[in-house]
file run.txt (compact mmCIF, C-alpha atoms)
# COMPACT_ATOMS: atom_id res chain seq x y z
CA MET A 1 1.56 -29.93 -19.93
CA SER A 2 4.44 -28.79 -22.12
CA ASP A 3 8.07 -29.08 -21.09
CA ASP A 4 8.57 -25.33 -20.99
CA PRO A 5 6.61 -24.00 -18.03
CA GLY A 6 4.63 -20.81 -18.61
CA VAL A 7 5.04 -19.82 -14.99
CA VAL A 8 7.73 -20.57 -12.43
CA LEU A 9 6.77 -20.22 -8.79
CA HIS A 10 9.73 -19.91 -6.48
CA ALA A 11 9.07 -19.95 -2.72
CA LEU A 12 11.91 -17.85 -1.35
CA SER A 13 13.48 -18.49 2.02
CA PRO A 14 12.45 -16.30 4.97
CA ARG A 15 14.04 -12.88 5.22
CA GLY A 16 14.45 -10.21 7.86
CA CYS A 17 11.91 -7.40 7.61
CA LEU A 18 11.70 -4.06 9.34
CA ASN A 19 8.78 -1.68 8.95
CA LEU A 20 10.13 1.86 9.24
CA ARG A 21 8.01 4.96 9.73
CA GLY A 22 9.31 8.48 10.03
CA ASP A 23 8.81 12.06 8.91
CA LEU A 24 10.82 13.19 5.90
CA ARG A 25 10.48 16.80 7.08
CA GLU A 26 12.57 15.97 10.12
CA ALA A 27 16.16 16.94 9.50
CA GLY A 28 18.49 14.01 9.20
CA PHE A 29 15.88 11.27 8.87
CA ARG A 30 16.75 10.54 5.26
CA ASN A 31 20.51 10.60 5.72
CA ALA A 32 20.41 8.60 8.94
CA THR A 33 18.40 5.80 7.31
CA ALA A 34 20.71 5.77 4.30
CA THR A 35 23.72 5.52 6.62
CA ALA A 36 22.25 2.69 8.68
CA THR A 37 20.87 0.62 5.79
CA GLY A 38 23.28 1.50 3.00
CA VAL A 39 20.32 2.24 0.73
CA GLU A 40 18.89 5.66 -0.17
CA LEU A 41 15.24 5.82 0.89
CA PRO A 42 13.01 5.59 -2.18
CA LEU A 43 11.00 8.83 -2.04
CA GLU A 44 9.09 8.41 -5.27
CA PRO A 45 5.79 6.60 -4.67
CA ARG A 46 5.66 2.96 -5.81
CA THR A 47 9.41 2.46 -6.13
CA TRP A 48 11.98 0.28 -4.40
CA ARG A 49 15.77 0.32 -4.27
CA PHE A 50 18.44 -2.09 -3.22
CA ALA A 51 22.15 -2.15 -2.51
CA GLY A 52 23.92 -5.46 -1.92
CA ASP A 53 21.41 -7.68 -0.16
CA THR A 54 19.38 -4.90 1.45
CA ALA A 55 16.17 -3.74 -0.24
CA VAL A 56 13.92 -0.82 0.73
CA TYR A 57 10.32 -0.60 -0.52
CA TRP A 58 8.11 2.50 -0.55
CA LEU A 59 4.87 1.65 1.28
CA GLY A 60 3.54 5.15 1.89
CA PRO A 61 4.70 8.76 2.21
CA ASP A 62 6.14 8.05 5.66
CA GLU A 63 6.49 4.25 5.62
CA TRP A 64 9.03 1.84 4.16
CA LEU A 65 9.74 -1.89 4.30
CA ILE A 66 13.39 -2.80 4.73
CA VAL A 67 14.33 -6.37 3.79
CA VAL A 68 17.64 -8.02 4.70
CA PRO A 69 18.85 -11.63 4.79
CA ALA A 70 17.32 -13.59 7.70
CA GLY A 71 19.13 -13.02 10.96
CA ARG A 72 20.44 -9.57 10.11
CA GLU A 73 17.31 -7.63 11.10
CA ALA A 74 18.14 -7.31 14.79
CA ASP A 75 21.54 -5.74 14.09
CA LEU A 76 20.00 -3.41 11.52
CA GLU A 77 17.27 -2.39 13.94
CA ARG A 78 19.90 -1.56 16.59
CA GLY A 79 21.87 0.39 14.00
CA LEU A 80 18.80 2.37 12.97
CA ARG A 81 17.83 3.13 16.56
CA ASP A 82 21.37 4.35 17.27
CA THR A 83 21.43 6.56 14.17
CA LEU A 84 17.91 7.98 14.05
CA ALA A 85 16.80 10.89 16.19
CA GLY A 86 13.41 12.47 16.74
CA SER A 87 10.19 10.56 16.30
CA PHE A 88 10.22 7.37 14.27
CA SER A 89 8.96 3.81 14.51
CA ILE A 90 10.66 0.53 13.68
CA VAL A 91 8.77 -2.75 13.90
CA ASP A 92 10.31 -6.13 13.16
CA THR A 93 7.81 -7.83 10.84
CA SER A 94 10.04 -10.73 9.79
CA GLY A 95 7.59 -13.29 11.14
CA ALA A 96 4.66 -11.69 9.32
CA ASN A 97 5.89 -11.91 5.73
CA CYS A 98 6.45 -14.66 3.19
CA PHE A 99 8.38 -14.17 -0.04
CA LEU A 100 7.52 -15.64 -3.43
CA ASN A 101 8.98 -15.04 -6.86
CA LEU A 102 6.95 -15.43 -10.06
CA SER A 103 8.58 -15.64 -13.47
CA GLY A 104 8.03 -17.19 -16.88
CA PRO A 105 6.47 -16.09 -20.19
CA ALA A 106 2.89 -16.31 -18.86
CA VAL A 107 3.53 -14.54 -15.57
CA GLY A 108 1.62 -11.47 -16.78
CA ARG A 109 -1.48 -13.60 -17.39
CA VAL A 110 -1.43 -14.97 -13.87
CA LEU A 111 -1.02 -11.47 -12.42
CA GLN A 112 -3.93 -10.26 -14.56
CA LYS A 113 -6.13 -12.95 -13.06
CA SER A 114 -5.02 -12.16 -9.55
CA SER A 115 -5.11 -8.40 -9.25
CA PRO A 116 -6.86 -5.31 -10.64
CA TYR A 117 -3.47 -3.56 -10.95
CA ASP A 118 -1.79 -3.11 -14.34
CA PHE A 119 1.46 -5.07 -14.19
CA HIS A 120 2.32 -4.56 -17.84
CA PRO A 121 6.01 -3.55 -18.16
CA ARG A 122 5.02 -0.20 -19.65
CA ASN A 123 3.20 0.63 -16.41
CA PHE A 124 5.27 -1.48 -14.02
CA PRO A 125 8.93 -1.69 -15.08
CA ALA A 126 11.71 -3.06 -12.87
CA GLY A 127 12.19 -0.92 -9.78
CA ARG A 128 8.48 -0.43 -9.22
CA CYS A 129 6.62 -1.89 -6.26
CA VAL A 130 2.96 -1.72 -5.37
CA GLN A 131 0.69 -2.87 -2.59
CA THR A 132 -2.55 -4.09 -4.01
CA VAL A 133 -5.35 -6.62 -3.89
CA PHE A 134 -4.04 -10.03 -4.83
CA ALA A 135 -6.44 -12.97 -5.12
CA LYS A 136 -8.71 -11.29 -2.53
CA ALA A 137 -5.77 -11.18 -0.14
CA SER A 138 -3.19 -8.42 -0.41
CA ALA A 139 0.41 -8.38 -1.50
CA LEU A 140 3.38 -6.15 -2.08
CA VAL A 141 4.55 -6.84 -5.64
CA ALA A 142 7.98 -5.70 -6.81
CA GLY A 143 9.26 -5.71 -10.39
CA GLN A 144 12.71 -7.29 -10.75
CA ALA A 145 15.41 -6.48 -13.30
CA ASP A 146 15.09 -9.96 -14.86
CA GLY A 147 11.38 -9.38 -15.58
CA SER A 148 10.20 -11.56 -12.70
CA PHE A 149 8.06 -10.39 -9.80
CA ASP A 150 8.72 -10.69 -6.08
CA LEU A 151 5.62 -11.03 -3.92
CA VAL A 152 5.54 -10.23 -0.23
CA VAL A 153 2.41 -11.75 1.32
CA ARG A 154 1.14 -12.02 4.85
CA ARG A 155 2.27 -15.21 6.54
CA SER A 156 -1.31 -16.20 7.34
CA TYR A 157 -2.35 -15.86 3.67
CA ALA A 158 0.77 -17.46 2.19
CA ASP A 159 -0.71 -20.95 1.75
CA TYR A 160 -3.87 -19.56 0.21
CA VAL A 161 -1.93 -17.31 -2.19
CA ARG A 162 0.36 -20.17 -3.19
CA LEU A 163 -2.60 -22.46 -3.89
CA TRP A 164 -4.30 -19.65 -5.84
CA ILE A 165 -1.20 -19.16 -7.99
CA GLU A 166 -0.87 -22.89 -8.58
CA ASP A 167 -4.47 -23.02 -9.75
CA ALA A 168 -4.23 -19.85 -11.86
CA ALA A 169 -0.98 -20.95 -13.50
CA GLU A 170 -1.97 -24.55 -14.21
CA GLU A 171 -3.27 -23.84 -17.72
CA TYR A 172 0.07 -22.27 -18.74
CA GLY A 173 2.19 -25.01 -17.20
CA LEU A 174 3.61 -24.44 -13.76
CA ALA A 175 7.01 -25.30 -12.37
CA ARG A 176 7.67 -25.02 -8.63
CA ARG A 177 11.01 -24.33 -7.09
CA MET B 1 -16.61 0.13 -10.34
CA LEU B 2 -15.02 3.44 -9.41
CA ARG B 3 -11.50 4.35 -10.34
CA ILE B 4 -10.06 6.50 -7.59
CA TYR B 5 -6.95 8.67 -7.62
CA CYS B 6 -4.87 8.11 -4.46
CA PRO B 7 -3.04 11.36 -3.66
CA TYR B 8 -0.27 9.45 -1.87
CA CYS B 9 0.34 6.68 -4.42
CA GLN B 10 -0.20 9.36 -7.09
CA GLU B 11 -2.05 6.98 -9.33
CA VAL B 12 -5.59 6.06 -10.33
CA ARG B 13 -6.45 2.71 -8.74
CA SER B 14 -9.35 0.30 -8.68
CA GLU B 15 -12.15 0.72 -6.14
CA GLU B 16 -11.40 -2.79 -4.85
CA GLU B 17 -8.31 -1.41 -3.13
CA PHE B 18 -10.25 1.22 -1.18
CA SER B 19 -12.75 1.38 1.64
CA TYR B 20 -15.31 4.09 2.20
CA ALA B 21 -14.82 5.86 5.52
CA GLY B 22 -17.84 8.11 5.88
CA GLU B 23 -18.55 11.80 5.54
CA ALA B 24 -15.57 14.15 5.76
CA HIS B 25 -15.02 17.30 7.82
CA ILE B 26 -17.11 16.30 10.82
CA ARG B 27 -15.53 17.94 13.83
CA ARG B 28 -15.58 16.16 17.17
CA PRO B 29 -17.03 18.57 19.74
CA GLU B 30 -14.36 20.17 21.93
CA ASP B 31 -16.23 19.35 25.13
CA PRO B 32 -18.66 16.44 24.62
CA GLY B 33 -19.78 16.62 28.26
CA ALA B 34 -21.21 20.09 27.70
CA LEU B 35 -23.51 18.97 24.91
CA SER B 36 -27.19 18.18 25.26
CA ASP B 37 -28.32 14.69 24.26
CA THR B 38 -29.80 16.17 21.11
CA GLU B 39 -26.53 17.86 20.11
CA TRP B 40 -24.52 14.72 20.84
CA GLY B 41 -27.01 12.64 18.87
CA GLU B 42 -26.71 15.05 15.94
CA TYR B 43 -22.92 14.72 16.02
CA LEU B 44 -22.98 10.93 16.26
CA HIS B 45 -25.75 9.95 13.93
CA PHE B 46 -26.83 12.72 11.59
CA ARG B 47 -25.14 13.11 8.22
CA THR B 48 -25.65 15.37 5.22
CA ASN B 49 -26.84 12.54 2.95
CA ALA B 50 -26.29 14.87 0.01
CA ARG B 51 -27.84 14.34 -3.37
CA GLY B 52 -25.07 15.61 -5.61
CA PRO B 53 -21.55 16.63 -4.58
CA HIS B 54 -20.61 15.03 -1.26
CA ARG B 55 -17.39 15.36 0.74
CA GLU B 56 -16.34 11.98 2.04
CA MET B 57 -13.33 10.05 3.30
CA TRP B 58 -11.79 7.04 1.63
CA VAL B 59 -8.93 4.85 2.82
CA HIS B 60 -6.53 3.10 0.44
CA ALA B 61 -6.93 -0.10 2.43
CA ALA B 62 -5.01 -2.53 0.23
CA GLY B 63 -2.49 0.08 -0.91
CA CYS B 64 -0.71 2.71 1.16
CA ARG B 65 -3.38 2.54 3.93
CA ARG B 66 -3.74 6.34 4.02
CA TYR B 67 -7.00 8.26 4.42
CA PHE B 68 -7.88 11.13 2.11
CA ASN B 69 -10.86 13.29 1.17
CA VAL B 70 -12.94 12.97 -1.95
CA LEU B 71 -15.64 15.19 -3.42
CA ARG B 72 -17.97 12.78 -5.18
CA ASP B 73 -21.27 13.32 -6.91
CA THR B 74 -23.67 10.83 -5.33
CA VAL B 75 -25.92 10.92 -8.40
CA SER B 76 -23.40 10.42 -11.21
CA TYR B 77 -20.70 8.85 -8.99
CA GLU B 78 -18.20 11.18 -10.67
CA ILE B 79 -15.24 12.04 -8.47
CA LEU B 80 -14.83 15.80 -8.73
CA GLU B 81 -11.86 16.30 -6.46
CA VAL B 82 -9.35 14.45 -4.27
CA TYR B 83 -7.36 16.15 -1.53
CA PRO B 84 -5.30 15.05 1.48
CA MET B 85 -6.47 14.81 5.09
CA GLY B 86 -6.01 17.90 7.18
CA THR B 87 -6.70 20.32 4.35
CA PRO B 88 -9.84 22.43 4.58
CA PRO B 89 -12.46 21.73 1.94
CA PRO B 90 -11.71 23.79 -1.16
CA ASP B 91 -14.38 26.37 -1.99
CA ASP B 92 -17.18 24.97 -4.01
CA THR B 93 -20.90 25.30 -4.45
CA SER B 94 -22.00 22.01 -2.91
CA GLY B 95 -23.25 23.67 0.28
CA ASP B 96 -21.88 20.87 2.47
CA ARG B 97 -20.98 21.48 6.09
CA ALA B 98 -17.35 22.55 6.46
call {"tool": "encode", "arguments": {"input": "run.txt", "output": "structure tokens"}}
result
Amino acid sequence: MSDDPGVVLHALSPRGCLNLRGDLREAGFRNATATATGVELPLEPRTWRFAGDTAVYWLGPDEWLIVVPAGREADLERGLRDTLAGSFSIVDTSGANCFLNLSGPAVGRVLQKSSPYDFHPRNFPAGRCVQTVFAKASALVAGQADGSFDLVVRRSYADYVRLWIEDAAEEYGLARR
Amino acid sequence: MLRIYCPYCQEVRSEEEFSYAGEAHIRRPEDPGALSDTEWGEYLHFRTNARGPHREMWVHAAGCRRYFNVLRDTVSYEILEVYPMGTPPPDDTSGDRA
């Protein structure tokens, strides 16, 4: 194995997650979420936005994943419930998600092995996010400004996905962080 | 392997991400209790089984998890049309049940 790893796998620390569902046609839903989270809801499919340490991912036309540093989700949930009116749903999914970051010159190769989705930068630049099949499990993959990829995987699949990545990345040289 | 356009993700995606969810536009009877066994059996079990264009539901299971309707040719597997749930079937010549 060479000294320069082709792929760097970084297991990120747990974070606070809220799954938000609501109807964009309802007056005030967009503004109220932006006020409570400090991030404009991404309305364009397959995009995510962040401000400070809060990130919001598009999951569907009426569904978003809000990610904050661990421990802040309860306050944010209270804030959202105080601000939002009408019908909406907020579920704390912090315990359900694990966060990984993949980087390195061969990261594209590992993603190609793992998923049918086209993660080439021309199709998937920074600011994009997509839920797709990943190593026969599923993952939310988000393109970062530094060219790396954040993966949000189900807690119960996290070990399997990590082992899969370790195996898939071995031939390019893998460094773990 | 089919490549299917998801009307919510607004992108063509691999069949692996989707699940088939049966024939589309089958209305649940308003008052099931009023039906004869034959009528209820027809509703539960009998499907068009079209040879040619077929209206069916798919769910983007590994993606946005939304259901939508597809008009697919069961002979050539060509997807002729994709449209969201809740919209009536667009006019066509397939002769399927509405």
call {"tool": "interface_residues", "arguments": {"input": "run.txt", "of": "chain A", "to": "chain B", "cutoff": "12 Å", "atoms": "only C-alpha atoms", "output": "MDAnalysis selection string"}}
result
chainID A and resid 43:47 57:65 115:118 123 128:141 153
call {"tool": "residues_around", "arguments": {"input": "run.txt", "residues": "Cys17 (chain A)", "least_positions_apart": "3", "cutoff": "8 Å", "atoms": "all atoms listed in the file", "output": "list of chain:residue names"}}
result
A:Leu65, A:Ile66, A:Val67, A:Val68, A:Glu73, A:Asp92, A:Thr93, A:Ser94, A:Asn97
call {"tool": "atom_distance", "arguments": {"input": "run.txt", "atom1": "CA of Ala32 (chain A)", "atom2": "CA of Arg15 (chain A)"}}
result
22.7 Å
call {"tool": "atom_distance", "arguments": {"input": "run.txt", "atom1": "CA of Gly173 (chain A)", "atom2": "CA of Ser114 (chain A)"}}
result
16.6 Å
call {"tool": "atom_distance", "arguments": {"input": "run.txt", "atom1": "CA of Glu77 (chain A)", "atom2": "CA of Ala11 (chain A)"}}
result
25.6 Å
call {"tool": "residues_near_point", "arguments": {"input": "run.txt", "point": "(-4.9, -17.3, -11.4)", "cutoff": "9 Å", "atoms": "only C-alpha atoms", "output": "ChimeraX atom specification"}}
result
/A:109-114,135,164-170
call {"tool": "closest_residue", "arguments": {"input": "run.txt", "among": "B:Arg72, B:His45, B:Arg28, B:His54", "to": "Leu2 (chain B)", "atoms": "all atoms listed in the file"}}
result
B:Arg72
call {"tool": "residues_near_point", "arguments": {"input": "run.txt", "point": "(12.9, -2.4, -7.7)", "cutoff": "9 Å", "atoms": "all atoms listed in the file", "output": "ChimeraX atom specification"}}
result
/A:47-50,55-57,125-129,142-145
call {"tool": "closest_residue", "arguments": {"input": "run.txt", "among": "A:Ala158, A:Val8, A:Leu24, A:Ala36", "to": "Val107 (chain A)", "atoms": "only C-alpha atoms"}}
result
A:Val8
call {"tool": "closest_residue", "arguments": {"input": "run.txt", "among": "A:Phe88, A:Leu41, A:Ala106, A:Leu18", "to": "Asp75 (chain A)", "atoms": "only C-alpha atoms"}}
result
A:Leu18
call {"tool": "closest_residue", "arguments": {"input": "run.txt", "among": "B:Phe68, B:Tyr43, B:Tyr5, B:Trp58", "to": "Glu30 (chain B)", "atoms": "only C-alpha atoms"}}
result
B:Tyr43
call {"tool": "build_atoms", "arguments": {"input": "run.txt", "residues": "region 37-66 of chain B", "atoms": "N, CA and C atoms", "output": "PDB file, in the coordinates of the input"}}
result
ATOM      1  N   ASP B  37     -28.160  15.970  24.937  1.00  0.00           N
ATOM      2  CA  ASP B  37     -28.320  14.690  24.260  1.00  0.00           C
ATOM      3  C   ASP B  37     -28.634  14.881  22.787  1.00  0.00           C
ATOM      4  N   THR B  38     -29.432  15.909  22.503  1.00  0.00           N
ATOM      5  CA  THR B  38     -29.800  16.170  21.110  1.00  0.00           C
ATOM      6  C   THR B  38     -28.571  16.524  20.287  1.00  0.00           C
ATOM      7  N   GLU B  39     -27.730  17.444  20.849  1.00  0.00           N
ATOM      8  CA  GLU B  39     -26.530  17.860  20.110  1.00  0.00           C
ATOM      9  C   GLU B  39     -25.573  16.689  19.903  1.00  0.00           C
ATOM     10  N   TRP B  40     -25.420  15.877  20.943  1.00  0.00           N
ATOM     11  CA  TRP B  40     -24.520  14.720  20.840  1.00  0.00           C
ATOM     12  C   TRP B  40     -25.057  13.716  19.816  1.00  0.00           C
ATOM     13  N   GLY B  41     -26.372  13.525  19.844  1.00  0.00           N
ATOM     14  CA  GLY B  41     -27.010  12.640  18.870  1.00  0.00           C
ATOM     15  C   GLY B  41     -26.823  13.139  17.444  1.00  0.00           C
ATOM     16  N   GLU B  42     -26.929  14.455  17.266  1.00  0.00           N
ATOM     17  CA  GLU B  42     -26.710  15.050  15.940  1.00  0.00           C
ATOM     18  C   GLU B  42     -25.289  14.754  15.457  1.00  0.00           C
ATOM     19  N   TYR B  43     -24.326  14.948  16.381  1.00  0.00           N
ATOM     20  CA  TYR B  43     -22.920  14.720  16.020  1.00  0.00           C
ATOM     21  C   TYR B  43     -22.686  13.252  15.665  1.00  0.00           C
ATOM     22  N   LEU B  44     -23.250  12.356  16.466  1.00  0.00           N
ATOM     23  CA  LEU B  44     -22.980  10.930  16.260  1.00  0.00           C
ATOM     24  C   LEU B  44     -23.664  10.350  15.032  1.00  0.00           C
ATOM     25  N   HIS B  45     -24.929  10.718  14.857  1.00  0.00           N
ATOM     26  CA  HIS B  45     -25.750   9.950  13.930  1.00  0.00           C
ATOM     27  C   HIS B  45     -26.199  10.684  12.671  1.00  0.00           C
ATOM     28  N   PHE B  46     -26.220  12.018  12.717  1.00  0.00           N
ATOM     29  CA  PHE B  46     -26.830  12.720  11.590  1.00  0.00           C
ATOM     30  C   PHE B  46     -25.793  13.144  10.559  1.00  0.00           C
ATOM     31  N   ARG B  47     -26.073  12.833   9.294  1.00  0.00           N
ATOM     32  CA  ARG B  47     -25.140  13.110   8.220  1.00  0.00           C
ATOM     33  C   ARG B  47     -25.861  13.891   7.131  1.00  0.00           C
ATOM     34  N   THR B  48     -25.068  14.503   6.243  1.00  0.00           N
ATOM     35  CA  THR B  48     -25.650  15.370   5.220  1.00  0.00           C
ATOM     36  C   THR B  48     -26.536  14.597   4.254  1.00  0.00           C
ATOM     37  N   ASN B  49     -26.098  13.381   3.900  1.00  0.00           N
ATOM     38  CA  ASN B  49     -26.840  12.540   2.950  1.00  0.00           C
ATOM     39  C   ASN B  49     -27.148  13.328   1.672  1.00  0.00           C
ATOM     40  N   ALA B  50     -26.095  13.948   1.126  1.00  0.00           N
ATOM     41  CA  ALA B  50     -26.290  14.870   0.010  1.00  0.00           C
ATOM     42  C   ALA B  50     -26.710  14.141  -1.255  1.00  0.00           C
ATOM     43  N   ARG B  51     -27.551  14.808  -2.023  1.00  0.00           N
ATOM     44  CA  ARG B  51     -27.840  14.340  -3.370  1.00  0.00           C
ATOM     45  C   ARG B  51     -27.056  15.273  -4.284  1.00  0.00           C
ATOM     46  N   GLY B  52     -25.981  14.754  -4.854  1.00  0.00           N
ATOM     47  CA  GLY B  52     -25.070  15.610  -5.610  1.00  0.00           C
ATOM     48  C   GLY B  52     -23.691  15.562  -4.984  1.00  0.00           C
ATOM     49  N   PRO B  53     -22.927  16.648  -5.082  1.00  0.00           N
ATOM     50  CA  PRO B  53     -21.550  16.630  -4.580  1.00  0.00           C
ATOM     51  C   PRO B  53     -21.513  16.371  -3.072  1.00  0.00           C
ATOM     52  N   HIS B  54     -20.666  15.446  -2.653  1.00  0.00           N
ATOM     53  CA  HIS B  54     -20.610  15.030  -1.260  1.00  0.00           C
ATOM     54  C   HIS B  54     -19.147  14.879  -0.861  1.00  0.00           C
ATOM     55  N   ARG B  55     -18.782  15.485   0.270  1.00  0.00           N
ATOM     56  CA  ARG B  55     -17.390  15.360   0.740  1.00  0.00           C
ATOM     57  C   ARG B  55     -17.284  14.150   1.644  1.00  0.00           C
ATOM     58  N   GLU B  56     -16.417  13.228   1.287  1.00  0.00           N
ATOM     59  CA  GLU B  56     -16.340  11.980   2.040  1.00  0.00           C
ATOM     60  C   GLU B  56     -14.900  11.518   2.161  1.00  0.00           C
ATOM     61  N   MET B  57     -14.676  10.592   3.100  1.00  0.00           N
ATOM     62  CA  MET B  57     -13.330  10.050   3.300  1.00  0.00           C
ATOM     63  C   MET B  57     -13.240   8.662   2.681  1.00  0.00           C
ATOM     64  N   TRP B  58     -12.086   8.382   2.118  1.00  0.00           N
ATOM     65  CA  TRP B  58     -11.790   7.040   1.630  1.00  0.00           C
ATOM     66  C   TRP B  58     -10.428   6.633   2.205  1.00  0.00           C
ATOM     67  N   VAL B  59     -10.234   5.327   2.366  1.00  0.00           N
ATOM     68  CA  VAL B  59      -8.930   4.850   2.820  1.00  0.00           C
ATOM     69  C   VAL B  59      -8.417   3.842   1.787  1.00  0.00           C
ATOM     70  N   HIS B  60      -7.136   3.994   1.435  1.00  0.00           N
ATOM     71  CA  HIS B  60      -6.530   3.100   0.440  1.00  0.00           C
ATOM     72  C   HIS B  60      -6.104   1.814   1.147  1.00  0.00           C
ATOM     73  N   ALA B  61      -7.107   1.005   1.482  1.00  0.00           N
ATOM     74  CA  ALA B  61      -6.930  -0.100   2.430  1.00  0.00           C
ATOM     75  C   ALA B  61      -5.905  -1.138   1.976  1.00  0.00           C
ATOM     76  N   ALA B  62      -5.931  -1.502   0.697  1.00  0.00           N
ATOM     77  CA  ALA B  62      -5.010  -2.530   0.230  1.00  0.00           C
ATOM     78  C   ALA B  62      -3.740  -1.915  -0.344  1.00  0.00           C
ATOM     79  N   GLY B  63      -3.673  -0.586  -0.366  1.00  0.00           N
ATOM     80  CA  GLY B  63      -2.490   0.080  -0.910  1.00  0.00           C
ATOM     81  C   GLY B  63      -1.655   0.689   0.193  1.00  0.00           C
ATOM     82  N   CYS B  64      -1.593   2.026   0.209  1.00  0.00           N
ATOM     83  CA  CYS B  64      -0.710   2.710   1.160  1.00  0.00           C
ATOM     84  C   CYS B  64      -1.363   2.866   2.534  1.00  0.00           C
ATOM     85  N   ARG B  65      -2.650   2.479   2.670  1.00  0.00           N
ATOM     86  CA  ARG B  65      -3.380   2.540   3.930  1.00  0.00           C
ATOM     87  C   ARG B  65      -3.518   3.959   4.468  1.00  0.00           C
ATOM     88  N   ARG B  66      -3.543   4.963   3.574  1.00  0.00           N
ATOM     89  CA  ARG B  66      -3.740   6.340   4.020  1.00  0.00           C
ATOM     90  C   ARG B  66      -5.178   6.772   3.733  1.00  0.00           C
TER      91      ARG B  66
END
